[in-house]
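Source file: data_18.cif. Holds: mmCIF, C-alpha atoms and all ligand atoms.
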data_target
loop_
_atom_site.group_PDB
_atom_site.id
_atom_site.type_symbol
_atom_site.label_atom_id
_atom_site.label_comp_id
_atom_site.auth_asym_id
_atom_site.auth_seq_id
_atom_site.Cartn_x
_atom_site.Cartn_y
_atom_site.Cartn_z
ATOM 1 C CA MET A 602 6.651 -28.799 10.146
ATOM 2 C CA ARG A 603 7.695 -27.164 6.884
ATOM 3 C CA ILE A 604 7.474 -23.397 6.669
ATOM 4 C CA VAL A 605 8.001 -21.657 3.340
ATOM 5 C CA VAL A 606 8.916 -17.968 3.235
ATOM 6 C CA THR A 607 8.572 -16.505 -0.272
ATOM 7 C CA ARG A 608 11.039 -13.661 0.182
ATOM 8 C CA ARG A 609 13.675 -12.638 2.696
ATOM 9 C CA ILE A 610 12.280 -11.369 6.019
ATOM 10 C CA SER A 611 13.929 -10.071 9.177
ATOM 11 C CA GLU A 612 16.226 -12.450 11.047
ATOM 12 C CA ALA A 613 14.239 -11.978 14.259
ATOM 13 C CA ALA A 614 11.167 -13.479 12.587
ATOM 14 C CA LEU A 615 13.192 -16.317 11.045
ATOM 15 C CA VAL A 616 14.497 -17.232 14.494
ATOM 16 C CA GLU A 617 10.899 -17.584 15.702
ATOM 17 C CA LEU A 618 9.923 -19.649 12.674
ATOM 18 C CA ARG A 619 12.949 -21.946 12.961
ATOM 19 C CA ALA A 620 11.813 -22.836 16.467
ATOM 20 C CA LEU A 621 8.665 -24.293 14.875
ATOM 21 C CA GLY A 622 10.152 -26.425 12.142
ATOM 22 C CA GLU A 623 12.183 -26.523 8.972
ATOM 23 C CA VAL A 624 12.198 -23.127 7.275
ATOM 24 C CA TRP A 625 12.831 -22.543 3.575
ATOM 25 C CA VAL A 626 13.402 -18.941 2.522
ATOM 26 C CA SER A 627 13.573 -17.817 -1.084
ATOM 27 C CA GLU A 628 16.964 -16.254 -1.727
ATOM 28 C CA ALA A 629 15.865 -14.722 -5.023
ATOM 29 C CA ASP A 630 16.096 -10.945 -5.178
ATOM 30 C CA ARG A 631 12.707 -10.768 -6.899
ATOM 31 C CA PRO A 632 9.238 -12.239 -6.538
ATOM 32 C CA LEU A 633 8.998 -15.966 -7.275
ATOM 33 C CA GLU A 634 7.444 -16.800 -10.622
ATOM 34 C CA PRO A 635 4.110 -18.658 -10.249
ATOM 35 C CA GLU A 636 5.801 -21.899 -11.260
ATOM 36 C CA GLU A 637 8.619 -21.423 -8.737
ATOM 37 C CA LEU A 638 6.086 -20.577 -6.054
ATOM 38 C CA GLY A 639 4.171 -23.793 -6.766
ATOM 39 C CA LYS A 640 7.352 -25.838 -6.428
ATOM 40 C CA ALA A 641 8.525 -23.983 -3.324
ATOM 41 C CA VAL A 642 5.309 -24.520 -1.347
ATOM 42 C CA ALA A 643 5.136 -28.291 -1.940
ATOM 43 C CA GLY A 644 4.686 -30.004 1.419
ATOM 44 C CA ALA A 645 4.372 -26.728 3.355
ATOM 45 C CA ASP A 646 2.371 -26.574 6.573
ATOM 46 C CA ALA A 647 2.699 -22.785 6.565
ATOM 47 C CA VAL A 648 3.479 -20.217 3.888
ATOM 48 C CA VAL A 649 4.709 -16.718 4.743
ATOM 49 C CA SER A 650 3.750 -14.709 1.666
ATOM 50 C CA MET A 651 4.350 -11.228 0.285
ATOM 51 C CA LEU A 652 1.894 -8.915 -1.437
ATOM 52 C CA HIS A 653 3.321 -9.740 -4.862
ATOM 53 C CA ASP A 654 2.588 -13.470 -4.491
ATOM 54 C CA ARG A 655 -0.692 -14.551 -6.041
ATOM 55 C CA ILE A 656 -1.957 -17.203 -3.596
ATOM 56 C CA ASP A 657 -4.981 -19.077 -4.942
ATOM 57 C CA ALA A 658 -6.459 -22.567 -5.134
ATOM 58 C CA SER A 659 -3.644 -23.793 -7.385
ATOM 59 C CA VAL A 660 -1.011 -22.745 -4.832
ATOM 60 C CA ALA A 661 -2.973 -24.484 -2.068
ATOM 61 C CA GLU A 662 -3.142 -27.613 -4.258
ATOM 62 C CA ALA A 663 0.583 -27.394 -4.942
ATOM 63 C CA ALA A 664 1.254 -27.163 -1.197
ATOM 64 C CA GLY A 665 -0.902 -30.157 -0.315
ATOM 65 C CA PRO A 666 -3.669 -30.965 2.166
ATOM 66 C CA GLN A 667 -1.423 -30.432 5.218
ATOM 67 C CA LEU A 668 -1.283 -26.655 4.542
ATOM 68 C CA ARG A 669 -2.739 -24.856 7.584
ATOM 69 C CA ILE A 670 -1.906 -21.170 7.195
ATOM 70 C CA VAL A 671 -0.885 -18.493 4.732
ATOM 71 C CA ALA A 672 0.503 -15.532 6.671
ATOM 72 C CA ASN A 673 0.706 -12.491 4.395
ATOM 73 C CA VAL A 674 3.364 -9.978 5.470
ATOM 74 C CA ALA A 675 1.126 -7.019 4.589
ATOM 75 C CA VAL A 676 -2.061 -5.465 5.820
ATOM 76 C CA GLY A 677 -3.624 -5.805 2.354
ATOM 77 C CA TYR A 678 -4.550 -9.292 1.194
ATOM 78 C CA ASP A 679 -6.018 -8.709 -2.246
ATOM 79 C CA ASN A 680 -3.292 -11.062 -3.535
ATOM 80 C CA ILE A 681 -4.941 -13.990 -1.755
ATOM 81 C CA ASP A 682 -8.046 -15.881 -2.784
ATOM 82 C CA VAL A 683 -9.347 -16.086 0.790
ATOM 83 C CA PRO A 684 -12.537 -18.085 0.010
ATOM 84 C CA ALA A 685 -10.558 -20.703 -1.944
ATOM 85 C CA LEU A 686 -8.225 -21.164 1.014
ATOM 86 C CA ALA A 687 -11.015 -21.142 3.600
ATOM 87 C CA GLU A 688 -12.702 -23.890 1.618
ATOM 88 C CA ARG A 689 -9.595 -26.003 2.167
ATOM 89 C CA GLY A 690 -9.441 -25.175 5.858
ATOM 90 C CA VAL A 691 -6.413 -22.902 5.427
ATOM 91 C CA HIS A 692 -6.188 -19.834 7.679
ATOM 92 C CA VAL A 693 -5.190 -16.518 6.108
ATOM 93 C CA THR A 694 -3.664 -13.758 8.238
ATOM 94 C CA ASN A 695 -2.374 -10.228 7.664
ATOM 95 C CA THR A 696 -0.359 -7.677 9.664
ATOM 96 C CA PRO A 697 -2.642 -4.816 10.711
ATOM 97 C CA GLY A 698 -1.697 -2.096 13.176
ATOM 98 C CA VAL A 699 2.086 -2.284 13.012
ATOM 99 C CA LEU A 700 2.304 -0.347 9.727
ATOM 100 C CA THR A 701 -0.349 2.277 10.416
ATOM 101 C CA ASP A 702 1.950 5.157 11.356
ATOM 102 C CA ALA A 703 4.622 4.330 8.783
ATOM 103 C CA THR A 704 2.071 4.372 5.968
ATOM 104 C CA ALA A 705 0.358 7.526 7.225
ATOM 105 C CA ASP A 706 3.773 9.219 7.456
ATOM 106 C CA LEU A 707 4.549 8.309 3.863
ATOM 107 C CA ALA A 708 1.170 9.588 2.652
ATOM 108 C CA PHE A 709 1.963 12.887 4.322
ATOM 109 C CA GLY A 710 5.487 12.858 2.962
ATOM 110 C CA LEU A 711 4.149 12.482 -0.564
ATOM 111 C CA LEU A 712 1.664 15.268 0.070
ATOM 112 C CA LEU A 713 4.309 17.701 1.328
ATOM 113 C CA ALA A 714 6.735 16.725 -1.431
ATOM 114 C CA LEU A 715 3.988 17.564 -3.882
ATOM 115 C CA THR A 716 2.460 20.710 -2.393
ATOM 116 C CA ARG A 717 5.846 22.231 -1.473
ATOM 117 C CA ARG A 718 7.543 20.982 -4.645
ATOM 118 C CA ILE A 719 10.308 19.251 -2.691
ATOM 119 C CA ALA A 720 11.029 16.537 -5.234
ATOM 120 C CA GLU A 721 10.887 19.046 -8.078
ATOM 121 C CA GLY A 722 13.266 21.413 -6.245
ATOM 122 C CA ASP A 723 15.657 18.555 -5.590
ATOM 123 C CA ARG A 724 15.654 17.706 -9.307
ATOM 124 C CA LEU A 725 16.301 21.338 -10.190
ATOM 125 C CA LEU A 726 19.408 21.510 -8.000
ATOM 126 C CA ARG A 727 20.742 18.167 -9.181
ATOM 127 C CA ALA A 728 20.354 19.385 -12.767
ATOM 128 C CA ARG A 729 22.690 22.243 -11.713
ATOM 129 C CA GLN A 730 20.185 24.791 -12.980
ATOM 130 C CA PRO A 731 20.928 28.418 -12.100
ATOM 131 C CA TRP A 732 18.492 29.787 -9.519
ATOM 132 C CA SER A 733 18.114 32.552 -6.979
ATOM 133 C CA PHE A 734 15.687 33.206 -4.176
ATOM 134 C CA HIS A 735 12.852 35.511 -5.150
ATOM 135 C CA LEU A 736 9.342 35.962 -3.859
ATOM 136 C CA GLY A 737 7.693 34.271 -6.771
ATOM 137 C CA PHE A 738 10.090 31.330 -7.035
ATOM 138 C CA MET A 739 8.670 27.799 -7.076
ATOM 139 C CA LEU A 740 5.543 28.608 -5.143
ATOM 140 C CA GLY A 741 3.565 25.700 -3.836
ATOM 141 C CA SER A 742 0.366 25.619 -1.857
ATOM 142 C CA GLY A 743 -0.217 25.577 1.881
ATOM 143 C CA LEU A 744 -2.240 22.984 3.747
ATOM 144 C CA GLN A 745 -3.601 25.079 6.601
ATOM 145 C CA GLY A 746 -7.338 25.665 6.318
ATOM 146 C CA LYS A 747 -7.662 23.228 3.416
ATOM 147 C CA THR A 748 -9.853 20.141 3.398
ATOM 148 C CA MET A 749 -8.388 16.655 3.582
ATOM 149 C CA GLY A 750 -10.738 14.052 2.129
ATOM 150 C CA ILE A 751 -9.929 10.553 3.328
ATOM 151 C CA VAL A 752 -11.392 7.605 1.462
ATOM 152 C CA GLY A 753 -11.394 4.614 3.811
ATOM 153 C CA ALA A 754 -11.741 5.389 7.515
ATOM 154 C CA GLY A 755 -9.720 2.443 8.809
ATOM 155 C CA GLN A 756 -6.633 2.614 11.013
ATOM 156 C CA ILE A 757 -4.401 4.161 8.344
ATOM 157 C CA GLY A 758 -7.038 6.612 7.133
ATOM 158 C CA ARG A 759 -7.611 7.847 10.667
ATOM 159 C CA ALA A 760 -3.858 8.162 11.262
ATOM 160 C CA VAL A 761 -3.647 10.387 8.177
ATOM 161 C CA GLY A 762 -6.599 12.355 9.553
ATOM 162 C CA ARG A 763 -4.742 13.016 12.824
ATOM 163 C CA ARG A 764 -1.734 14.279 10.893
ATOM 164 C CA ALA A 765 -3.959 16.490 8.740
ATOM 165 C CA GLU A 766 -5.532 18.021 11.859
ATOM 166 C CA ALA A 767 -2.070 18.784 13.213
ATOM 167 C CA PHE A 768 -1.408 20.658 9.964
ATOM 168 C CA GLY A 769 -4.541 22.743 10.499
ATOM 169 C CA MET A 770 -6.635 20.970 7.910
ATOM 170 C CA ARG A 771 -10.338 20.177 8.061
ATOM 171 C CA VAL A 772 -10.819 16.427 7.718
ATOM 172 C CA VAL A 773 -13.684 14.590 6.057
ATOM 173 C CA TYR A 774 -13.967 10.831 5.761
ATOM 174 C CA SER A 775 -15.845 8.583 3.439
ATOM 175 C CA GLY A 776 -16.327 4.971 4.435
ATOM 176 C CA ARG A 777 -17.489 1.984 2.500
ATOM 177 C CA SER A 778 -21.096 2.940 1.920
ATOM 178 C CA ASP A 779 -21.186 6.756 1.999
ATOM 179 C CA PRO A 780 -21.339 8.603 -1.276
ATOM 180 C CA LYS A 781 -17.861 9.764 -2.270
ATOM 181 C CA GLU A 782 -19.211 12.441 -4.576
ATOM 182 C CA GLU A 783 -19.380 15.155 -1.906
ATOM 183 C CA LEU A 784 -15.880 14.377 -0.664
ATOM 184 C CA LEU A 785 -14.433 14.442 -4.176
ATOM 185 C CA ARG A 786 -16.191 17.707 -4.956
ATOM 186 C CA THR A 787 -14.990 19.557 -1.848
ATOM 187 C CA ALA A 788 -11.602 18.118 -0.837
ATOM 188 C CA ASP A 789 -8.335 19.924 -1.543
ATOM 189 C CA VAL A 790 -6.517 16.662 -0.960
ATOM 190 C CA VAL A 791 -7.986 13.220 -1.618
ATOM 191 C CA SER A 792 -6.021 10.491 0.153
ATOM 192 C CA LEU A 793 -6.898 6.848 -0.509
ATOM 193 C CA HIS A 794 -6.867 4.330 2.348
ATOM 194 C CA CYS A 795 -9.484 1.756 1.372
ATOM 195 C CA PRO A 796 -8.464 -1.850 0.639
ATOM 196 C CA LEU A 797 -8.490 -3.089 -2.953
ATOM 197 C CA THR A 798 -11.681 -5.090 -3.529
ATOM 198 C CA PRO A 799 -13.892 -5.598 -6.588
ATOM 199 C CA GLU A 800 -15.883 -2.548 -5.358
ATOM 200 C CA THR A 801 -12.869 -0.248 -5.017
ATOM 201 C CA ARG A 802 -11.104 -1.211 -8.266
ATOM 202 C CA HIS A 803 -10.952 2.012 -10.323
ATOM 203 C CA LEU A 804 -12.840 3.862 -7.604
ATOM 204 C CA ILE A 805 -10.891 6.876 -8.865
ATOM 205 C CA ASP A 806 -11.746 6.799 -12.543
ATOM 206 C CA ALA A 807 -12.178 9.542 -15.159
ATOM 207 C CA ASP A 808 -15.518 10.599 -13.634
ATOM 208 C CA ALA A 809 -14.126 10.801 -10.116
ATOM 209 C CA LEU A 810 -11.139 12.824 -11.331
ATOM 210 C CA ALA A 811 -13.456 15.182 -13.217
ATOM 211 C CA THR A 812 -15.461 15.658 -10.011
ATOM 212 C CA MET A 813 -12.359 16.738 -8.060
ATOM 213 C CA LYS A 814 -11.342 20.401 -7.823
ATOM 214 C CA HIS A 815 -8.843 21.606 -10.418
ATOM 215 C CA THR A 816 -6.662 22.621 -7.485
ATOM 216 C CA ALA A 817 -6.888 19.280 -5.674
ATOM 217 C CA PHE A 818 -4.146 16.736 -5.054
ATOM 218 C CA LEU A 819 -4.564 12.953 -5.099
ATOM 219 C CA ILE A 820 -2.506 10.723 -2.791
ATOM 220 C CA ASN A 821 -2.487 6.939 -3.191
ATOM 221 C CA THR A 822 -0.667 4.720 -0.686
ATOM 222 C CA THR A 823 -3.097 1.784 -0.730
ATOM 223 C CA ARG A 824 -3.171 -0.332 -3.911
ATOM 224 C CA GLY A 825 -2.555 0.853 -7.459
ATOM 225 C CA PRO A 826 -5.715 -0.523 -9.082
ATOM 226 C CA VAL A 827 -7.911 1.678 -6.850
ATOM 227 C CA VAL A 828 -6.947 4.385 -9.372
ATOM 228 C CA ASP A 829 -7.389 4.138 -13.137
ATOM 229 C CA GLU A 830 -3.797 5.154 -13.838
ATOM 230 C CA SER A 831 -4.333 5.967 -17.484
ATOM 231 C CA ALA A 832 -7.323 8.193 -16.618
ATOM 232 C CA LEU A 833 -5.143 9.855 -13.968
ATOM 233 C CA ALA A 834 -2.462 10.688 -16.538
ATOM 234 C CA ASP A 835 -5.180 12.103 -18.820
ATOM 235 C CA ALA A 836 -6.583 14.229 -15.975
ATOM 236 C CA LEU A 837 -3.143 15.563 -15.002
ATOM 237 C CA LEU A 838 -2.274 16.419 -18.586
ATOM 238 C CA ALA A 839 -5.613 18.229 -18.941
ATOM 239 C CA ASN A 840 -5.022 20.076 -15.631
ATOM 240 C CA GLU A 841 -8.200 18.606 -14.223
ATOM 241 C CA ILE A 842 -6.410 18.154 -10.896
ATOM 242 C CA ALA A 843 -3.289 19.849 -9.532
ATOM 243 C CA GLY A 844 -1.065 16.867 -8.878
ATOM 244 C CA ALA A 845 -0.670 13.345 -7.573
ATOM 245 C CA GLY A 846 1.518 11.549 -5.040
ATOM 246 C CA LEU A 847 1.680 7.834 -5.738
ATOM 247 C CA ASP A 848 3.328 5.031 -3.795
ATOM 248 C CA VAL A 849 1.476 2.225 -5.575
ATOM 249 C CA PHE A 850 0.746 1.482 -9.209
ATOM 250 C CA GLU A 851 -1.844 -0.314 -11.227
ATOM 251 C CA HIS A 852 0.638 -2.674 -12.877
ATOM 252 C CA GLU A 853 3.469 -2.779 -10.341
ATOM 253 C CA PRO A 854 6.367 -2.559 -10.842
ATOM 254 C CA GLU A 855 5.452 -0.764 -14.087
ATOM 255 C CA VAL A 856 4.477 2.915 -13.940
ATOM 256 C CA GLU A 857 2.302 4.596 -16.561
ATOM 257 C CA PRO A 858 5.042 6.296 -18.654
ATOM 258 C CA ARG A 859 3.216 9.626 -18.981
ATOM 259 C CA LEU A 860 3.304 10.054 -15.193
ATOM 260 C CA LEU A 861 7.106 9.937 -15.256
ATOM 261 C CA GLU A 862 7.173 13.070 -17.394
ATOM 262 C CA LEU A 863 5.103 15.268 -15.103
ATOM 263 C CA ASP A 864 6.583 17.637 -12.528
ATOM 264 C CA ASN A 865 3.366 17.715 -10.506
ATOM 265 C CA VAL A 866 3.607 14.003 -9.773
ATOM 266 C CA VAL A 867 5.681 12.535 -6.936
ATOM 267 C CA LEU A 868 6.405 8.833 -7.104
ATOM 268 C CA THR A 869 7.765 6.321 -4.601
ATOM 269 C CA PRO A 870 8.214 2.567 -5.150
ATOM 270 C CA HIS A 871 5.682 1.055 -2.685
ATOM 271 C CA LEU A 872 7.476 2.284 0.445
ATOM 272 C CA GLY A 873 4.443 2.780 2.717
ATOM 273 C CA SER A 874 5.546 0.340 5.389
ATOM 274 C CA ALA A 875 9.252 0.517 4.563
ATOM 275 C CA THR A 876 10.894 1.404 7.850
ATOM 276 C CA VAL A 877 13.276 -0.937 9.657
ATOM 277 C CA GLU A 878 11.010 -0.907 12.709
ATOM 278 C CA THR A 879 7.776 -1.565 10.836
ATOM 279 C CA ARG A 880 9.109 -4.269 8.533
ATOM 280 C CA THR A 881 10.551 -6.096 11.549
ATOM 281 C CA GLU A 882 7.206 -5.846 13.367
ATOM 282 C CA MET A 883 5.334 -7.056 10.292
ATOM 283 C CA ALA A 884 7.527 -10.141 9.915
ATOM 284 C CA LEU A 885 7.303 -10.884 13.654
ATOM 285 C CA LEU A 886 3.521 -10.597 13.535
ATOM 286 C CA ALA A 887 3.367 -12.997 10.583
ATOM 287 C CA ALA A 888 5.603 -15.418 12.520
ATOM 288 C CA ARG A 889 3.334 -15.107 15.564
ATOM 289 C CA ASN A 890 0.348 -16.049 13.410
ATOM 290 C CA VAL A 891 2.190 -19.070 12.023
ATOM 291 C CA GLU A 892 3.139 -20.135 15.526
ATOM 292 C CA ALA A 893 -0.421 -19.809 16.819
ATOM 293 C CA VAL A 894 -1.846 -21.977 14.059
ATOM 294 C CA LEU A 895 0.917 -24.597 13.921
ATOM 295 C CA THR A 896 0.692 -25.096 17.683
ATOM 296 C CA GLY A 897 -3.047 -25.706 17.427
ATOM 297 C CA GLY A 898 -4.341 -22.279 18.408
ATOM 298 C CA GLU A 899 -6.316 -19.604 16.636
ATOM 299 C CA PRO A 900 -4.534 -17.050 14.436
ATOM 300 C CA VAL A 901 -3.961 -13.597 15.928
ATOM 301 C CA ASN A 902 -4.932 -11.668 12.791
ATOM 302 C CA PRO A 903 -7.369 -13.805 10.785
ATOM 303 C CA VAL A 904 -8.837 -12.302 7.633
ATOM 304 C CA HIS A 905 -12.195 -13.254 6.235
ATOM 305 C CA SER A 906 -13.558 -12.797 2.758
HETATM 306 C C1 LIG A 1001 1.553 -2.954 2.027
HETATM 307 O O1 LIG A 1001 1.257 -2.502 0.967
HETATM 308 C C2 LIG A 1001 0.660 -3.694 2.860
HETATM 309 O O2 LIG A 1001 -0.465 -4.016 2.460
HETATM 310 O O3 LIG A 1001 1.094 -4.021 3.973
HETATM 311 C C1 LIG A 1002 13.021 32.957 3.942
HETATM 312 O O1 LIG A 1002 14.040 32.299 3.727
HETATM 313 C C2 LIG A 1002 12.925 33.994 4.944
HETATM 314 O O2 LIG A 1002 13.917 34.261 5.629
HETATM 315 O O3 LIG A 1002 11.803 34.535 5.065
#

structure tokens encoding of this file:
Amino acid sequence: MRIVVTRRISEAALVELRALGEVWVSEADRPLEPEELGKAVAGADAVVSMLHDRIDASVAEAAGPQLRIVANVAVGYDNIDVPALAERGVHVTNTPGVLTDATADLAFGLLLALTRRIAEGDRLLRARQPWSFHLGFMLGSGLQGKTMGIVGAGQIGRAVGRRAEAFGMRVVYSGRSDPKEELLRTADVVSLHCPLTPETRHLIDADALATMKHTAFLINTTRGPVVDESALADALLANEIAGAGLDVFEHEPEVEPRLLELDNVVLTPHLGSATVETRTEMALLAARNVEAVLTGGEPVNPVHS
């Protein structure tokens, strides 16, 4: 069996994969270019992919008819053309569950950094600006009694909801089919936890931002294209909303340049699941899916289009 891993993963997972066959791991410190990816997957029975790999019919063709599984080391799988792979009898799996708390923690971290001006305060000190404590200095806003609006009531959304309740917030959810209008109109914080699909692309557009309170904060830890990033910069510059905490970007790794200039924006480079524990669990789960399929069983975490 040939197993192709498109970017370095934890050693524990590699040990499991090596027990199944010959493992090739990309040593590049960057995503593989499409052409490199096509070459790398040739002859693969299994591909362990990352969210920056575009896996479509052409990659399946490049791999060959023996390809049985693409195991994405991510909960999101918008990078994979699932129907095209299903058509070729290739299983697609993801890594749900193991990154729920890590991602919810980061969403809350962004929110606190924003509402309590933590990142801004850190920049002020590093700039060696003079300062002194006074009662009106760098005031933020509290969370207690405010409304947390969660778009996408899946595992991560609900984990954010539990955290919000612990902070004394009222929590409202909007799922796939409910109107988001009411949530956008009333929430003090809008936190996005829906997957990226054709329906959720630019879910937060100029209209949605205009519907939000002027005092509201937007948190995005799902996928960049759920937000129209240019419309977000417009809305922030026009003070249509109070601030944004973003872990994901529409054109990753690029960030809309105007956002970099704003003090009421907190940015992290796609760190939602980035803890040692979670990344190890994610890689192990992907390996477990590969093992299940290559030994003739059913995948543990199949995804369907
Ligand atoms: C990370 O963004 C993931 O989808 O796991
Ligand atoms: C603040 O530092 C306080 O002591 O209240």

Can you check which parts of chain A lie within 10 Å of ligand LIG 1002 (chain A)? Per residue, the shortest pair of atoms and distance in Å to one decimal, counting all atoms listed in the file, sorted by chain and number, as a Markdown table.
| residue | atom | partner | partner_atom | distance |
| --- | --- | --- | --- | --- |
| A:Phe734 | CA | A:LIG1002 | O1 | 8.1 |
| A:His735 | CA | A:LIG1002 | C1 | 9.4 |
| A:Leu736 | CA | A:LIG1002 | C1 | 9.1 |

Quick one: residues within 12 Å of Asp723 of chain A, all atoms listed in the file, excluding same-chain residues fewer than 6 positions away - as number ranges by chain? A: 714-715, 717, 729-730, 739, 864, 867

I'd like to see the residues matched by the PyMOL selection byres (((chain A and resi 810-812) around 7) and not hetatm) on this file, and ideally I'd get them as a compact mmCIF listing (two decimals) with C-alpha atoms, in the coordinates of the input.
# COMPACT_ATOMS: atom_id res chain seq x y z
CA LEU A 785 -14.43 14.44 -4.18
CA ARG A 786 -16.19 17.71 -4.96
CA ILE A 805 -10.89 6.88 -8.86
CA ASP A 806 -11.75 6.80 -12.54
CA ALA A 807 -12.18 9.54 -15.16
CA ASP A 808 -15.52 10.60 -13.63
CA ALA A 809 -14.13 10.80 -10.12
CA MET A 813 -12.36 16.74 -8.06
CA LYS A 814 -11.34 20.40 -7.82
CA ALA A 836 -6.58 14.23 -15.98
CA GLU A 841 -8.20 18.61 -14.22

If we count only C-alpha atoms, what is near Arg619 of chain A at a cut-off of 10 Å, once residues fewer than 3 positions away on the same chain are taken out, given as a PyMOL selection string? chain A and resi 602-604+614-616+622-625+888

Within 7 Å of ligand LIG 1001 (chain A), counting all atoms listed in the file, residues as an NGL selection string: :A and (652 or 674-678 or 696 or 700 or 823-824 or 871 or 873-874)

Closest atom pairs, residues of segment 685-735 of chain A within 12 Å of segment 768-782 of chain A, all atoms listed in the file, as a tab-separated table:
residue	atom	partner	partner_atom	distance
A:Phe709	CA	A:Phe768	CA	10.2
A:Leu712	CA	A:Phe768	CA	11.7
A:Leu713	CA	A:Phe768	CA	10.8

Closest atom pairs, residues of segment 703-734 of chain A within 10 Å of segment 752-760 of chain A, all atoms listed in the file, as CSV:
residue,atom,partner,partner_atom,distance
A:Ala703,CA,A:Ile757,CA,9.0
A:Thr704,CA,A:Ile757,CA,6.9
A:Ala705,CA,A:Ala760,CA,5.9
A:Asp706,CA,A:Ala760,CA,8.6
A:Ala708,CA,A:Ile757,CA,9.6

So that I have them on file, write out the residues from the current selection with C-alpha atoms, as an mmCIF file, in the coordinates of the input.
data_model
loop_
_atom_site.group_PDB
_atom_site.id
_atom_site.type_symbol
_atom_site.label_atom_id
_atom_site.label_comp_id
_atom_site.auth_asym_id
_atom_site.auth_seq_id
_atom_site.Cartn_x
_atom_site.Cartn_y
_atom_site.Cartn_z
ATOM 1 C CA ALA A 703 4.622 4.330 8.783
ATOM 2 C CA THR A 704 2.071 4.372 5.968
ATOM 3 C CA ALA A 705 0.358 7.526 7.225
ATOM 4 C CA ASP A 706 3.773 9.219 7.456
ATOM 5 C CA ALA A 708 1.170 9.588 2.652
#

Atom CA of Thr876 of chain A to atom CA of Gly698 of chain A, distance in Å rounded to a single decimal: 14.1 Å

Go through A:Asp789, A:Glu637, A:Asp657, A:Asp835 one by one, measure the shortest atom-to-atom distance of each to Ile681 of chain A using only C-alpha atoms, and give the residue with the smallest value.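 Selected residue with least distance to Ile681 of chain A: A:Asp657.
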
Counting only C-alpha atoms, the residue of A:Glu892, A:Glu721, A:Glu800, A:Asp829 that sits nearest Val866 of chain A: A:Glu721

I want to know what sits within 10 Å of Arg631 of chain A, based on all atoms listed in the file, with residues of the same chain fewer than 6 positions away left out; could you give that as a list in words? Thr607, Arg608, Arg609 and His653 of chain A

Can you list what the PyMOL selection byres (((chain A and resi 664) around 6) and not hetatm) grabs from this structure, as a PyMOL selection string? chain A and resi 642-645+661-663+665

How many Å lie between atom CA of Phe818 of chain A and atom CA of Leu711 of chain A, rounded to one decimal?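 Taking atom CA of Phe818 of chain A and atom CA of Leu711 of chain A, their separation equals 10.3 Å.
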
Could you spell out the hits of the PyMOL selection byres (((chain A and resi 684) around 12) and not hetatm) on the shown file, as an NGL selection string? :A and (656-658 or 661 or 678-679 or 681-683 or 685-693 or 904-906)

Taking all atoms listed in the file into account, which of A:Asn673, A:Ser733, A:Thr881, A:Thr716 comes nearest Glu612 of chain A?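 Using all atoms listed in the file, the shortest distance to Glu612 of chain A belongs to A:Thr881.
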
With all atoms listed in the file counted, which protein, DNA or RNA residues have an atom no more than 7 Å from (6.4, -11.5, 6.8) in the file frame? Please answer as a list in words.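 So the residues meeting the distance criterion are Ile610, Val649, Ser650, Met651, Asn673, Val674, Met883, Ala884, Leu885, Ala887 and Ala888 of chain A.
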
Considering all atoms listed in the file, state which residue in the set A:Thr701, A:Thr798, A:Asn902, A:Ser742 is at the smallest distance from Ile670 of chain A.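 Checking each candidate against Ile670 of chain A, we get A:Asn902 as the closest.
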